[in-house]
$ cat query22.tsv   # TSV, C-alpha atoms and all ligand atoms
chain	number	residue	atom	x	y	z
R	1	MET	CA	119.48	102.24	88.83
R	2	ASN	CA	116.68	99.81	89.46
R	3	ALA	CA	115.40	97.26	86.95
R	4	LEU	CA	111.91	98.40	87.91
R	5	LEU	CA	112.46	101.71	86.17
R	6	ASP	CA	112.14	101.68	82.44
R	7	ASN	CA	112.15	104.71	80.18
R	8	SER	CA	109.67	103.37	77.65
R	9	THR	CA	106.53	104.83	79.27
R	10	PRO	CA	105.73	108.45	80.28
R	11	SER	CA	105.68	107.65	83.99
R	12	GLY	CA	108.68	105.30	83.80
R	13	LYS	CA	110.69	108.07	82.11
R	14	ALA	CA	109.56	110.81	84.51
R	15	LEU	CA	110.27	108.65	87.55
R	16	SER	CA	113.66	107.38	86.44
R	17	GLU	CA	114.84	110.90	85.56
R	18	PHE	CA	113.57	112.23	88.90
R	19	LEU	CA	115.22	109.48	90.93
R	20	LYS	CA	118.49	109.73	88.97
R	21	LYS	CA	118.60	113.42	89.88
R	22	TYR	CA	117.91	113.03	93.60
R	23	VAL	CA	118.94	109.59	94.87
R	24	THR	CA	122.05	107.48	94.49
R	25	SER	CA	120.38	104.13	95.24
R	26	ILE	CA	117.00	102.55	95.79
R	27	PRO	CA	117.26	100.08	98.68
R	28	ASP	CA	115.27	96.89	98.24
R	29	PHE	CA	112.96	96.49	101.24
R	30	SER	CA	110.71	93.97	99.56
R	31	ASN	CA	111.68	91.32	102.08
R	32	VAL	CA	112.15	93.12	105.38
R	33	PRO	CA	110.49	91.79	108.53
R	34	LEU	CA	108.33	94.22	110.50
R	35	PRO	CA	109.99	95.76	113.52
R	36	GLU	CA	107.70	95.57	116.58
R	37	THR	CA	106.35	99.03	117.44
R	38	GLY	CA	104.03	97.88	120.23
R	39	LEU	CA	101.44	100.35	118.94
R	40	LEU	CA	98.00	99.79	117.46
R	41	ASP	CA	97.84	100.31	113.73
R	42	GLY	CA	94.55	102.20	113.71
R	43	MET	CA	92.54	99.66	111.76
R	44	GLU	CA	91.04	97.61	114.56
R	45	GLU	CA	88.16	96.34	112.47
R	46	HIS	CA	90.12	95.82	109.33
R	47	PRO	CA	89.58	92.36	107.86
R	48	PHE	CA	93.24	91.96	106.94
R	49	ASN	CA	96.07	90.92	109.17
R	50	MET	CA	97.99	94.18	109.63
R	51	THR	CA	101.12	92.76	111.18
R	52	HIS	CA	103.40	92.30	108.20
R	53	PHE	CA	105.91	94.70	106.76
R	54	ASP	CA	103.77	94.78	103.58
R	55	ASP	CA	101.07	96.56	105.56
R	56	MET	CA	103.32	98.85	107.54
R	57	TYR	CA	106.17	99.81	105.22
R	58	ASP	CA	104.66	103.19	104.42
R	59	THR	CA	103.99	103.96	108.08
R	60	LEU	CA	107.58	103.18	109.07
R	61	LEU	CA	109.26	104.80	106.08
R	62	TYR	CA	107.01	107.83	106.46
R	63	SER	CA	108.10	108.10	110.09
R	64	ARG	CA	111.71	108.14	108.92
R	65	LEU	CA	110.83	110.94	106.50
R	66	ILE	CA	109.28	112.99	109.33
R	67	SER	CA	112.42	112.53	111.44
R	68	ARG	CA	114.57	113.74	108.54
R	69	ALA	CA	112.32	116.79	108.07
R	70	ILE	CA	112.62	117.63	111.79
R	71	GLU	CA	116.42	117.45	111.46
R	72	LEU	CA	116.29	119.88	108.54
R	73	PHE	CA	113.90	122.20	110.36
R	74	PRO	CA	115.05	122.11	114.02
R	75	GLN	CA	113.28	125.32	115.12
R	76	LEU	CA	109.86	124.10	114.17
R	77	GLN	CA	107.02	124.45	116.66
R	78	THR	CA	104.16	122.65	114.95
R	79	ILE	CA	103.72	119.64	112.70
R	80	ILE	CA	100.43	119.29	110.84
R	81	ASP	CA	99.86	115.65	109.84
R	82	LEU	CA	97.30	115.39	107.00
R	83	GLY	CA	95.69	111.94	107.12
R	84	ALA	CA	97.36	111.06	110.41
R	85	GLY	CA	95.74	107.63	110.79
R	86	SER	CA	97.10	105.94	113.90
R	87	SER	CA	99.73	108.71	114.39
R	88	ILE	CA	102.39	106.00	114.71
R	89	PRO	CA	104.69	107.85	112.27
R	90	THR	CA	104.77	111.14	114.21
R	91	LEU	CA	104.80	109.33	117.57
R	92	ILE	CA	107.91	107.34	116.63
R	93	ALA	CA	109.58	110.51	115.30
R	94	LEU	CA	108.75	112.53	118.45
R	95	ASN	CA	109.69	109.69	120.74
R	96	ASN	CA	113.17	109.63	119.21
R	97	LEU	CA	113.74	113.31	120.00
R	98	LYS	CA	115.75	114.01	123.11
R	99	ASP	CA	115.21	117.75	123.48
R	100	GLN	CA	112.29	119.94	122.65
R	101	ARG	CA	109.44	118.27	120.87
R	102	PRO	CA	107.13	120.07	118.44
R	103	ARG	CA	103.38	119.86	118.89
R	104	VAL	CA	101.39	117.83	116.40
R	105	ILE	CA	98.00	118.59	114.90
R	106	ALA	CA	96.74	115.21	113.68
R	107	VAL	CA	94.02	115.51	111.02
R	108	ASP	CA	91.96	112.60	109.75
R	109	ILE	CA	88.58	112.05	108.18
R	110	ASP	CA	88.07	108.76	110.01
R	111	PRO	CA	86.95	109.09	113.66
R	112	LYS	CA	88.11	105.54	114.39
R	113	ALA	CA	91.64	106.35	113.23
R	114	LEU	CA	91.73	109.41	115.48
R	115	ALA	CA	90.47	107.39	118.46
R	116	ILE	CA	93.39	104.98	117.95
R	117	SER	CA	95.71	107.95	117.51
R	118	LYS	CA	94.70	109.32	120.91
R	119	GLN	CA	95.14	105.91	122.50
R	120	ASN	CA	98.62	105.57	120.97
R	121	ALA	CA	99.66	109.09	122.05
R	122	GLU	CA	98.56	108.28	125.61
R	123	ALA	CA	100.31	104.90	125.52
R	124	VAL	CA	103.68	106.54	124.80
R	125	GLY	CA	103.09	109.51	127.13
R	126	LEU	CA	102.97	112.10	124.37
R	127	ALA	CA	99.27	113.04	124.45
R	128	ASP	CA	100.13	116.55	125.72
R	129	HIS	CA	101.88	117.26	122.45
R	130	TYR	CA	98.87	116.33	120.31
R	131	SER	CA	95.64	117.90	119.19
R	132	PHE	CA	93.24	115.99	116.97
R	133	LYS	CA	91.10	117.43	114.20
R	134	LEU	CA	88.37	115.34	112.68
R	135	GLY	CA	87.67	116.36	109.09
R	136	SER	CA	88.96	116.40	105.56
R	137	MET	CA	92.47	117.56	104.79
R	138	GLN	CA	91.06	119.75	102.01
R	139	THR	CA	89.05	121.72	104.61
R	140	LEU	CA	92.12	122.10	106.77
R	141	LEU	CA	94.22	123.31	103.82
R	142	ASP	CA	91.74	126.22	103.55
R	143	SER	CA	91.58	126.97	107.28
R	144	GLU	CA	93.22	129.57	109.54
R	145	ILE	CA	95.34	126.98	111.43
R	146	PHE	CA	96.98	126.17	108.16
R	147	LYS	CA	97.74	129.79	107.29
R	148	SER	CA	100.24	130.48	110.08
R	149	PRO	CA	103.86	130.51	108.93
R	150	GLY	CA	106.68	128.20	109.98
R	151	ASN	CA	104.87	124.87	110.21
R	152	LEU	CA	106.00	121.50	108.95
R	153	ILE	CA	103.20	119.90	106.95
R	154	VAL	CA	103.54	116.12	106.68
R	155	SER	CA	101.38	113.64	104.81
R	156	ASN	CA	101.20	110.05	103.72
R	157	PRO	CA	97.89	110.57	101.93
R	158	PRO	CA	95.75	107.94	100.24
R	159	TYR	CA	97.55	107.51	96.88
R	160	ILE	CA	96.54	104.11	95.51
R	161	PRO	CA	94.60	104.32	92.22
R	162	THR	CA	91.10	103.00	92.78
R	163	PRO	CA	88.49	102.55	90.04
R	164	GLN	CA	85.47	104.85	90.08
R	165	GLY	CA	82.40	103.49	91.84
R	166	VAL	CA	84.25	101.39	94.42
R	167	GLU	CA	82.96	102.86	97.65
R	168	ASP	CA	84.23	100.90	100.62
R	169	TYR	CA	85.02	102.12	104.14
R	170	HIS	CA	88.08	99.87	104.23
R	171	LEU	CA	89.59	101.70	101.27
R	172	ILE	CA	89.49	105.16	102.95
R	173	PRO	CA	93.16	104.90	103.97
R	174	VAL	CA	94.37	104.25	100.43
R	175	ASP	CA	91.84	105.47	97.86
R	176	GLY	CA	93.59	108.21	95.91
R	177	GLY	CA	90.98	108.37	93.13
R	178	GLU	CA	91.25	106.93	89.63
R	179	ASP	CA	94.95	107.64	89.09
R	180	GLY	CA	95.96	107.93	92.75
R	181	THR	CA	96.77	111.65	92.61
R	182	ARG	CA	93.64	113.18	94.13
R	183	TYR	CA	95.13	114.12	97.53
R	184	VAL	CA	98.72	114.45	96.35
R	185	GLN	CA	97.59	117.08	93.84
R	186	ASP	CA	95.55	118.97	96.46
R	187	ILE	CA	98.60	119.06	98.71
R	188	LEU	CA	101.03	120.08	95.96
R	189	GLN	CA	98.76	122.74	94.44
R	190	CYS	CA	98.00	124.42	97.76
R	191	GLU	CA	99.27	127.92	98.56
R	192	TYR	CA	101.66	127.69	101.52
R	193	PRO	CA	102.46	130.37	104.09
R	194	ARG	CA	106.07	131.54	104.38
R	195	ASP	CA	108.70	129.33	106.07
R	196	THR	CA	106.59	126.22	105.59
R	197	MET	CA	108.13	122.87	104.71
R	198	LEU	CA	106.31	119.86	103.35
R	199	ALA	CA	107.22	116.20	103.87
R	200	LEU	CA	105.17	114.17	101.39
R	201	PHE	CA	105.18	110.39	101.10
R	202	TRP	CA	103.93	108.94	97.81
R	203	GLY	CA	105.01	106.41	95.23
R	204	SER	CA	105.35	104.94	91.77
R	205	LEU	CA	101.65	103.96	91.74
R	206	CYS	CA	100.67	107.63	91.89
R	207	ASN	CA	101.02	108.78	88.27
R	208	PRO	CA	104.63	110.06	88.36
R	209	SER	CA	104.37	111.76	84.94
R	210	LEU	CA	101.67	114.02	86.39
R	211	VAL	CA	103.00	114.47	89.93
R	212	ILE	CA	106.72	115.13	89.24
R	213	PRO	CA	106.31	118.20	86.97
R	214	ILE	CA	103.98	119.85	89.52
R	215	MET	CA	106.41	119.06	92.33
R	216	GLU	CA	109.44	120.39	90.47
R	217	GLU	CA	107.63	123.51	89.31
R	218	ARG	CA	106.22	124.50	92.69
R	219	PHE	CA	108.89	123.29	95.12
R	220	GLU	CA	112.57	123.21	95.79
R	221	ILE	CA	113.37	119.55	96.43
R	222	LEU	CA	115.44	119.28	99.62
R	223	HIS	CA	115.48	115.54	100.20
R	224	VAL	CA	114.31	112.37	98.45
R	225	HIS	CA	114.44	108.77	99.54
R	226	ALA	CA	113.06	105.93	97.49
R	227	VAL	CA	112.65	102.32	98.53
R	228	LYS	CA	111.52	99.25	96.62
R	229	VAL	CA	108.73	97.37	98.43
R	230	HIS	CA	106.27	94.74	97.32
R	231	PHE	CA	102.55	95.24	97.09
R	232	GLY	CA	100.66	95.31	100.37
R	233	ASN	CA	97.25	93.84	101.07
R	234	TYR	CA	95.35	96.71	99.50
R	235	THR	CA	97.22	96.65	96.20
R	236	THR	CA	96.65	92.93	95.79
R	237	LEU	CA	92.85	93.27	96.22
R	238	PRO	CA	91.49	92.04	92.85
R	239	VAL	CA	89.42	95.17	92.12
R	240	ILE	CA	92.43	97.43	92.71
R	241	ASN	CA	95.03	95.10	91.24
R	242	THR	CA	93.20	94.83	87.90
R	243	HIS	CA	92.92	98.62	87.77
R	244	LEU	CA	96.65	99.00	88.52
R	245	HIS	CA	97.51	96.65	85.66
R	246	GLU	CA	95.33	98.72	83.30
R	247	LEU	CA	97.04	101.97	84.34
R	248	ARG	CA	100.44	100.35	83.96
R	249	ALA	CA	99.55	99.19	80.43
R	250	LYS	CA	98.74	102.85	79.64
R	251	GLY	CA	102.15	103.94	80.97
R	252	LEU	CA	100.62	105.99	83.80
R	253	ILE	CA	102.04	104.16	86.78
R	254	VAL	CA	105.16	102.13	87.47
R	255	PHE	CA	105.58	98.76	89.12
R	256	GLU	CA	107.45	95.53	88.57
R	257	ASP	CA	105.25	92.60	87.71
R	258	ALA	CA	107.47	89.77	88.96
R	259	PRO	CA	105.79	86.35	89.02
R	260	GLY	CA	103.87	86.20	92.30
R	261	ARG	CA	105.54	89.36	93.58
R	262	GLU	CA	104.68	92.80	92.35
R	263	ASN	CA	107.07	95.54	93.46
R	264	GLN	CA	106.59	99.29	93.61
R	265	ILE	CA	108.75	102.21	94.68
R	266	VAL	CA	107.66	104.37	97.60
R	267	ILE	CA	109.12	107.85	97.76
R	268	GLY	CA	109.66	110.26	100.63
R	269	THR	CA	110.14	113.89	99.58
R	270	ILE	CA	110.93	116.99	101.64
R	271	LEU	CA	109.87	120.09	99.79
R	272	LYS	CA	110.16	123.85	100.20
R	273	PRO	CA	107.52	125.92	98.38
R	274	ARG	CA	109.09	128.24	95.78
R	275	ARG	CA	106.31	130.82	96.22
R	276	THR	CA	104.55	131.49	99.51
R	277	SER	CA	101.65	133.70	100.58
W	301	LIG	C1	97.78	106.02	103.82
W	301	LIG	S1	96.91	106.33	105.31
W	301	LIG	C2	98.21	107.00	106.30
W	301	LIG	C3	97.99	106.84	107.77
W	301	LIG	C4	99.19	107.27	108.61
W	301	LIG	N1	99.54	108.65	108.37
W	301	LIG	C5	100.38	106.39	108.33
W	301	LIG	O1	101.28	106.82	107.61
W	301	LIG	O2	100.40	105.26	108.84
W	301	LIG	C6	95.95	107.74	104.87
W	301	LIG	C7	95.06	108.33	105.97
W	301	LIG	O3	94.32	109.41	105.40
W	301	LIG	C8	93.01	109.41	105.93
W	301	LIG	N2	92.14	110.11	104.98
W	301	LIG	C9	91.51	109.62	103.88
W	301	LIG	N3	90.85	110.59	103.24
W	301	LIG	C10	91.06	111.73	103.97
W	301	LIG	C11	90.64	113.09	103.83
W	301	LIG	N4	89.89	113.49	102.81
W	301	LIG	N5	91.05	113.97	104.76
W	301	LIG	C12	91.81	113.58	105.83
W	301	LIG	N6	92.23	112.32	106.00
W	301	LIG	C13	91.88	111.41	105.08
W	301	LIG	C14	92.67	107.95	106.13
W	301	LIG	O4	91.64	107.79	107.08
W	301	LIG	C15	94.02	107.39	106.56
W	301	LIG	O5	94.13	107.41	107.96
$ encode --input "query22.tsv" --output "structure tokens"
Amino acid sequence: MNALLDNSTPSGKALSEFLKKYVTSIPDFSNVPLPETGLLDGMEEHPFNMTHFDDMYDTLLYSRLISRAIELFPQLQTIIDLGAGSSIPTLIALNNLKDQRPRVIAVDIDPKALAISKQNAEAVGLADHYSFKLGSMQTLLDSEIFKSPGNLIVSNPPYIPTPQGVEDYHLIPVDGGEDGTRYVQDILQCEYPRDTMLALFWGSLCNPSLVIPIMEERFEILHVHAVKVHFGNYTTLPVINTHLHELRAKGLIVFEDAPGRENQIVIGTILKPRRTS
């Protein structure tokens, strides 16, 4: 297994046991160049340069997770993407399909992200397959759209731990609350209609000792992939980075503190609810 995983902390132990159970290897993507997607990344006004693999690894790996979920669930009619951002992940997955394509309901709290989503869907000729819902994923999880059976719910939610009191528009895509689990917990604790599947993208910075027991208790785990990547722009921001080091010292999150290069593990999971409504 990976040197990054050590059993001496609660989250290190939970994560290494989880990964030992479900994956045979953890590929090292910490030095992979960004493939050119030709699509906008949804953060037009972002002050960072969003063209490196560091910034896009989750988008691309999340897209791969969605494709895998579609393979496992070929009859599906509708994908609901919670925190869709630019919609690049679902667009790549749908674009790769030869036959029938599901429709996508793209949900995001940020109107600018949804505007870019629409632009991207038009650019690849898939706008007819999309509807866009502006609002919080929590509201959607309680809504009628969500209650119909047989959907694939997908999400790469904000899951980076962010200290309390840091309110910044630019952190909306990543701010998962103090320990990173705010949205992941909402998604995992939700009551799902029958025949629903969930593809959830998260990682070692999102309190594995809290998240894994909930996941294993509430879901059958159908697929896991885990990849080592280095910190992106957000996780190296001083205010977040200091907080991450504090959480790591408490054994709540897992990352490798290599000199000049911090590495984390991102995890794609495909889950089937054990109990449905
Ligand atoms: C990590 S980004 C993922 C974006 C895109 N799905 C991807 O993988 O490239 C998380 C997204 O969730 C959105 N978001 C943040 N808080 C949200 C909320 N409460 N409800 C819905 N979307 C939210 C952000 O605007 C952002 O687009």
$ axis_aligned_box --input "query22.tsv" --around "ligand LIG 301 (chain W)" --padding-each-side "6 Å" --output "lines of an AutoDock Vina configuration file"
center_x = 95.6
center_y = 109.6
center_z = 105.8
size_x = 23.4
size_y = 20.7
size_z = 18.0
$ closest_atom_pairs --input "query22.tsv" --of "chain R" --to "ligand LIG 301 (chain W)" --cutoff "10 Å" --atoms "only C-alpha atoms and all ligand atoms" --output "tab-separated table"
residue	atom	partner	partner_atom	distance
R:Asp41	CA	W:LIG301	O2	7.4
R:Gly42	CA	W:LIG301	O5	7.8
R:Met43	CA	W:LIG301	O5	8.8
R:Asp55	CA	W:LIG301	O2	9.3
R:Met56	CA	W:LIG301	O2	7.2
R:Tyr57	CA	W:LIG301	O2	8.7
R:Asp58	CA	W:LIG301	O1	5.9
R:Thr59	CA	W:LIG301	O2	3.9
R:Leu60	CA	W:LIG301	O1	7.4
R:Leu61	CA	W:LIG301	O1	8.4
R:Tyr62	CA	W:LIG301	O1	5.9
R:Ser63	CA	W:LIG301	O1	7.4
R:Asp81	CA	W:LIG301	N1	7.2
R:Leu82	CA	W:LIG301	C12	5.9
R:Gly83	CA	W:LIG301	O3	3.4
R:Ala84	CA	W:LIG301	N1	3.8
R:Gly85	CA	W:LIG301	O5	3.3
R:Ser86	CA	W:LIG301	C4	5.8
R:Ser87	CA	W:LIG301	C4	6.0
R:Ile88	CA	W:LIG301	O2	6.2
R:Pro89	CA	W:LIG301	O1	5.9
R:Thr90	CA	W:LIG301	N1	8.2
R:Ala106	CA	W:LIG301	N1	8.9
R:Val107	CA	W:LIG301	C12	6.0
R:Asp108	CA	W:LIG301	N6	3.8
R:Ile109	CA	W:LIG301	N6	4.3
R:Asp110	CA	W:LIG301	O4	4.7
R:Pro111	CA	W:LIG301	O4	8.2
R:Lys112	CA	W:LIG301	O4	8.4
R:Ala113	CA	W:LIG301	O5	5.9
R:Leu114	CA	W:LIG301	O5	8.1
R:Ser117	CA	W:LIG301	C4	9.6
R:Lys133	CA	W:LIG301	C12	9.2
R:Leu134	CA	W:LIG301	C12	7.9
R:Gly135	CA	W:LIG301	C12	6.0
R:Ser136	CA	W:LIG301	N5	3.3
R:Met137	CA	W:LIG301	N5	3.9
R:Gln138	CA	W:LIG301	N5	6.4
R:Thr139	CA	W:LIG301	N5	8.0
R:Leu140	CA	W:LIG301	N5	8.4
R:Leu141	CA	W:LIG301	N5	9.9
R:Val154	CA	W:LIG301	N1	8.6
R:Ser155	CA	W:LIG301	N1	6.4
R:Asn156	CA	W:LIG301	C2	5.0
R:Pro157	CA	W:LIG301	C6	4.5
R:Pro158	CA	W:LIG301	C1	4.5
R:Tyr159	CA	W:LIG301	C1	7.1
R:Ile160	CA	W:LIG301	C1	8.6
R:Tyr169	CA	W:LIG301	O4	9.2
R:His170	CA	W:LIG301	O4	9.1
R:Leu171	CA	W:LIG301	C14	8.5
R:Ile172	CA	W:LIG301	C9	5.0
R:Pro173	CA	W:LIG301	C15	3.7
R:Val174	CA	W:LIG301	C1	5.1
R:Asp175	CA	W:LIG301	C9	7.3
R:Gly176	CA	W:LIG301	N3	8.2
R:Arg182	CA	W:LIG301	N4	9.5
R:Tyr183	CA	W:LIG301	N4	7.5
R:Phe201	CA	W:LIG301	O1	8.4
R:Trp202	CA	W:LIG301	C1	9.1
$ closest_residue --input "query22.tsv" --among "R:Glu178, R:Cys206, R:Ser277, R:Asn120" --to "Glu191 (chain R)" --atoms "all atoms listed in the file"
R:Ser277
$ residues_around --input "query22.tsv" --residues "Glu217 (chain R)" --least-positions-apart "4" --cutoff "9 Å" --atoms "all atoms listed in the file" --output "PyMOL selection string"
chain R and resi 212-213+274
$ atom_distance --input "query22.tsv" --atom1 "CA of Ser8 (chain R)" --atom2 "CA of Gly251 (chain R)"
8.2 Å
$ atom_distance --input "query22.tsv" --atom1 "CA of Thr235 (chain R)" --atom2 "CA of Ala249 (chain R)"
16.1 Å
$ residues_around --input "query22.tsv" --residues "Lys13 (chain R)" --least-positions-apart "2" --cutoff "12 Å" --atoms "all atoms listed in the file" --output "PDB file with C-alpha atoms, keeping the file's coordinate frame"
ATOM      1  CA  LEU R   4     111.910  98.400  87.910  1.00  0.00           C
ATOM      2  CA  LEU R   5     112.460 101.710  86.170  1.00  0.00           C
ATOM      3  CA  ASP R   6     112.140 101.680  82.440  1.00  0.00           C
ATOM      4  CA  ASN R   7     112.150 104.710  80.180  1.00  0.00           C
ATOM      5  CA  SER R   8     109.670 103.370  77.650  1.00  0.00           C
ATOM      6  CA  THR R   9     106.530 104.830  79.270  1.00  0.00           C
ATOM      7  CA  PRO R  10     105.730 108.450  80.280  1.00  0.00           C
ATOM      8  CA  SER R  11     105.680 107.650  83.990  1.00  0.00           C
ATOM      9  CA  LEU R  15     110.270 108.650  87.550  1.00  0.00           C
ATOM     10  CA  SER R  16     113.660 107.380  86.440  1.00  0.00           C
ATOM     11  CA  GLU R  17     114.840 110.900  85.560  1.00  0.00           C
ATOM     12  CA  PHE R  18     113.570 112.230  88.900  1.00  0.00           C
ATOM     13  CA  LEU R  19     115.220 109.480  90.930  1.00  0.00           C
ATOM     14  CA  LYS R  20     118.490 109.730  88.970  1.00  0.00           C
ATOM     15  CA  SER R 204     105.350 104.940  91.770  1.00  0.00           C
ATOM     16  CA  ASN R 207     101.020 108.780  88.270  1.00  0.00           C
ATOM     17  CA  PRO R 208     104.630 110.060  88.360  1.00  0.00           C
ATOM     18  CA  SER R 209     104.370 111.760  84.940  1.00  0.00           C
ATOM     19  CA  LEU R 210     101.670 114.020  86.390  1.00  0.00           C
ATOM     20  CA  ILE R 212     106.720 115.130  89.240  1.00  0.00           C
ATOM     21  CA  GLY R 251     102.150 103.940  80.970  1.00  0.00           C
ATOM     22  CA  LEU R 252     100.620 105.990  83.800  1.00  0.00           C
ATOM     23  CA  ILE R 253     102.040 104.160  86.780  1.00  0.00           C
ATOM     24  CA  VAL R 254     105.160 102.130  87.470  1.00  0.00           C
TER      25      VAL R 254
END
$ atom_distance --input "query22.tsv" --atom1 "CA of Gln100 (chain R)" --atom2 "CA of Val224 (chain R)"
25.4 Å
$ closest_residue --input "query22.tsv" --among "R:Ile145, R:Ile221, R:Met215, R:Val166" --to "Pro193 (chain R)" --atoms "only C-alpha atoms"
R:Ile145
$ closest_residue --input "query22.tsv" --among "R:Gln119, R:Val266, R:His223, R:Leu76" --to "Thr196 (chain R)" --atoms "all atoms listed in the file"
R:Leu76
$ residues_around --input "query22.tsv" --residues "Glu262 (chain R)" --least-positions-apart "3" --cutoff "7 Å" --atoms "all atoms listed in the file" --output "JSON, numbers by chain"
{"R": [230, 231, 255, 256, 257, 258]}
$ residues_around --input "query22.tsv" --residues "Val239 (chain R)" --least-positions-apart "4" --cutoff "10 Å" --atoms "all atoms listed in the file" --output "PyMOL selection string"
chain R and resi 162-163+166+234-235+243-244
$ build_atoms --input "query22.tsv" --residues "region 198-209 of chain R" --atoms "N, CA and C atoms" --output "JSON list (two decimals), in the frame of the given file"
[["chain", "number", "residue", "atom", "x", "y", "z"],
["R", 198, "LEU", "N", 107.26, 120.94, 103.58],
["R", 198, "LEU", "CA", 106.31, 119.86, 103.35],
["R", 198, "LEU", "C", 107.07, 118.54, 103.22],
["R", 199, "ALA", "N", 106.66, 117.55, 104.02],
["R", 199, "ALA", "CA", 107.22, 116.20, 103.87],
["R", 199, "ALA", "C", 106.09, 115.32, 103.32],
["R", 200, "LEU", "N", 106.24, 114.91, 102.07],
["R", 200, "LEU", "CA", 105.17, 114.17, 101.39],
["R", 200, "LEU", "C", 105.66, 112.77, 101.02],
["R", 201, "PHE", "N", 104.86, 111.79, 101.40],
["R", 201, "PHE", "CA", 105.18, 110.39, 101.10],
["R", 201, "PHE", "C", 104.23, 109.93, 100.00],
["R", 202, "TRP", "N", 104.76, 109.38, 98.94],
["R", 202, "TRP", "CA", 103.93, 108.94, 97.81],
["R", 202, "TRP", "C", 104.67, 107.81, 97.10],
["R", 203, "GLY", "N", 104.32, 107.54, 95.84],
["R", 203, "GLY", "CA", 105.01, 106.41, 95.23],
["R", 203, "GLY", "C", 104.77, 106.24, 93.74],
["R", 204, "SER", "N", 105.36, 105.17, 93.22],
["R", 204, "SER", "CA", 105.35, 104.94, 91.77],
["R", 204, "SER", "C", 103.97, 104.54, 91.25],
["R", 205, "LEU", "N", 103.02, 104.28, 92.17],
["R", 205, "LEU", "CA", 101.65, 103.96, 91.74],
["R", 205, "LEU", "C", 100.81, 105.23, 91.60],
["R", 206, "CYS", "N", 101.42, 106.37, 91.84],
["R", 206, "CYS", "CA", 100.67, 107.63, 91.89],
["R", 206, "CYS", "C", 101.10, 108.52, 90.72],
["R", 207, "ASN", "N", 100.80, 108.06, 89.54],
["R", 207, "ASN", "CA", 101.02, 108.78, 88.27],
["R", 207, "ASN", "C", 102.22, 109.75, 88.25],
["R", 208, "PRO", "N", 103.45, 109.20, 88.28],
["R", 208, "PRO", "CA", 104.63, 110.06, 88.36],
["R", 208, "PRO", "C", 104.74, 111.09, 87.23],
["R", 209, "SER", "N", 104.21, 110.77, 86.03],
["R", 209, "SER", "CA", 104.37, 111.76, 84.94],
["R", 209, "SER", "C", 103.49, 112.99, 85.17]]
